[in-house]
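Structure first, commentary second.
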Amino acid sequence: MFIIIDEESFQTLQNAPLPENSKYEEERRHYVKLIEALEVDLYEDFPGWMKCSLSSLFEVWSDMQDTAYMKDSYSMRPDGTDVL
């Protein structure tokens with residue numbers, strides 16, 4: 001897994017509150033992008049990257065240490081949002 005902070009991500013991180021001081025909906029406005037390091041199956045829904053809120057980053061990172069695929073975390077995104 002690679003963590004990407006591009007211009008879009010950087011803009012969302014400016015003035016971001018600490019995760020413990022924010023509400024669930026607000027946390028999803030501040031994110032970094034994650035790119036899968038392993039080969040991605042082009043016939044699946046998972047595009048090979050995802051947006052990840054700061055509060056979810058540690059959970060996703062620990063899952064990756066257990067050799068889980070990022071597509072499993074991608075499928076756990078709340079309905080109506082593209083940020084985990």
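Order determines the names: the first chain of the structure tokens is A, the second B, and so forth; residues in each chain are numbered 1 upward, and ligands are numbered 1 upward as they are shown.
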
Point to revise | Residues within 12 Å of A:Phe46, only C-alpha atoms, excluding chain neighbours under 2 positions, as a count of residues only | key: 22

Check your understanding: Using the chain letters and numbers from this document, which residues of chain A does DSSP assign to helix (DSSP H, G or I), as a VMD selection string?
Key -> chain A and resid 7 to 13 19 to 21 24 to 27 54 to 65 70 to 74

Exercise for review: Please run DSSP on the backbone and report, as a ChimeraX atom specification, all residues within chain A that come out as strand (DSSP E).
Suggested key: /A:2-4,31-35,49-53

File of the preceding selection, N, CA, C and O atoms, as a PDB file, in the first residue's frame:
ATOM      1  N   PHE A   2       0.537   2.172  -0.820  1.00  0.00           N
ATOM      2  CA  PHE A   2       1.218   3.453  -0.874  1.00  0.00           C
ATOM      3  C   PHE A   2       0.249   4.532  -0.412  1.00  0.00           C
ATOM      4  O   PHE A   2      -0.928   4.499  -0.755  1.00  0.00           O
ATOM      5  N   ILE A   3       0.750   5.491   0.352  1.00  0.00           N
ATOM      6  CA  ILE A   3      -0.057   6.632   0.793  1.00  0.00           C
ATOM      7  C   ILE A   3       0.314   7.822  -0.085  1.00  0.00           C
ATOM      8  O   ILE A   3       1.486   8.167  -0.201  1.00  0.00           O
ATOM      9  N   ILE A   4      -0.684   8.418  -0.706  1.00  0.00           N
ATOM     10  CA  ILE A   4      -0.471   9.545  -1.613  1.00  0.00           C
ATOM     11  C   ILE A   4      -1.145  10.789  -1.040  1.00  0.00           C
ATOM     12  O   ILE A   4      -2.308  10.751  -0.653  1.00  0.00           O
ATOM     13  N   TYR A  31      -8.940  13.451   4.051  1.00  0.00           N
ATOM     14  CA  TYR A  31      -8.472  12.129   3.662  1.00  0.00           C
ATOM     15  C   TYR A  31      -7.136  12.181   2.920  1.00  0.00           C
ATOM     16  O   TYR A  31      -6.693  13.230   2.465  1.00  0.00           O
ATOM     17  N   VAL A  32      -6.523  11.015   2.839  1.00  0.00           N
ATOM     18  CA  VAL A  32      -5.370  10.780   1.972  1.00  0.00           C
ATOM     19  C   VAL A  32      -5.802   9.713   0.970  1.00  0.00           C
ATOM     20  O   VAL A  32      -6.855   9.090   1.128  1.00  0.00           O
ATOM     21  N   LYS A  33      -5.015   9.496  -0.044  1.00  0.00           N
ATOM     22  CA  LYS A  33      -5.333   8.459  -1.019  1.00  0.00           C
ATOM     23  C   LYS A  33      -4.379   7.280  -0.816  1.00  0.00           C
ATOM     24  O   LYS A  33      -3.193   7.475  -0.547  1.00  0.00           O
ATOM     25  N   LEU A  34      -4.911   6.093  -0.934  1.00  0.00           N
ATOM     26  CA  LEU A  34      -4.131   4.872  -0.804  1.00  0.00           C
ATOM     27  C   LEU A  34      -4.138   4.144  -2.137  1.00  0.00           C
ATOM     28  O   LEU A  34      -5.180   4.045  -2.782  1.00  0.00           O
ATOM     29  N   ILE A  35      -2.989   3.630  -2.522  1.00  0.00           N
ATOM     30  CA  ILE A  35      -2.873   2.877  -3.774  1.00  0.00           C
ATOM     31  C   ILE A  35      -2.421   1.468  -3.431  1.00  0.00           C
ATOM     32  O   ILE A  35      -1.474   1.281  -2.664  1.00  0.00           O
ATOM     33  N   TRP A  49      -7.247   1.977  -6.029  1.00  0.00           N
ATOM     34  CA  TRP A  49      -6.937   3.061  -5.098  1.00  0.00           C
ATOM     35  C   TRP A  49      -8.210   3.453  -4.360  1.00  0.00           C
ATOM     36  O   TRP A  49      -9.302   3.092  -4.763  1.00  0.00           O
ATOM     37  N   MET A  50      -8.043   4.177  -3.260  1.00  0.00           N
ATOM     38  CA  MET A  50      -9.208   4.631  -2.499  1.00  0.00           C
ATOM     39  C   MET A  50      -8.839   5.849  -1.674  1.00  0.00           C
ATOM     40  O   MET A  50      -7.669   6.121  -1.433  1.00  0.00           O
ATOM     41  N   LYS A  51      -9.855   6.582  -1.268  1.00  0.00           N
ATOM     42  CA  LYS A  51      -9.683   7.695  -0.336  1.00  0.00           C
ATOM     43  C   LYS A  51      -9.901   7.146   1.065  1.00  0.00           C
ATOM     44  O   LYS A  51     -10.846   6.385   1.288  1.00  0.00           O
ATOM     45  N   CYS A  52      -9.044   7.544   1.989  1.00  0.00           N
ATOM     46  CA  CYS A  52      -9.123   7.015   3.352  1.00  0.00           C
ATOM     47  C   CYS A  52      -9.045   8.166   4.349  1.00  0.00           C
ATOM     48  O   CYS A  52      -8.093   8.952   4.326  1.00  0.00           O
ATOM     49  N   SER A  53     -10.041   8.245   5.216  1.00  0.00           N
ATOM     50  CA  SER A  53     -10.047   9.296   6.239  1.00  0.00           C
ATOM     51  C   SER A  53      -8.906   9.037   7.222  1.00  0.00           C
ATOM     52  O   SER A  53      -8.418   7.914   7.358  1.00  0.00           O
TER      53      SER A  53
END

Exercise for review: Do a neighbour search on A:Thr12 at 8 Å with only C-alpha atoms, toss out local chain neighbours closer than 3 positions, and write the hits as a list in words.
Suggested key: Glu8, Ser9, Ala16, Arg29, His30 and Tyr31 of chain A

Exercise for review: Work out how far apart atom CA of A:Leu84 and atom CA of A:Phe58 are and give it in Å to one decimal.
Suggested key: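 We find that atom CA of A:Leu84 and atom CA of A:Phe58 lie 11.6 Å from each other.
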
Practice item. Have a look at atom CA of A:Asp63 and atom CA of A:Pro17 and let me know their distance in Å, one decimal. Key: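 According to the coordinates, atom CA of A:Asp63 and atom CA of A:Pro17 are separated by 24.5 Å.
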
Review point. Could you state the separation of atom CA of A:Val60 and atom CA of A:Val83 in Å, given to one decimal place?
Key: 12.4 Å

Revision key, fill the gap. Using only C-alpha atoms, the best pick from A:Leu38, A:Met1, A:Ser55, A:Trp61 as closest to A:Glu26 would be A:Ser55

Revision key, fill the gap. For A:Pro78, the closest of A:Ser56, A:Ala37, A:Asn15, A:Ile5 counting only C-alpha atoms is A:Ser56
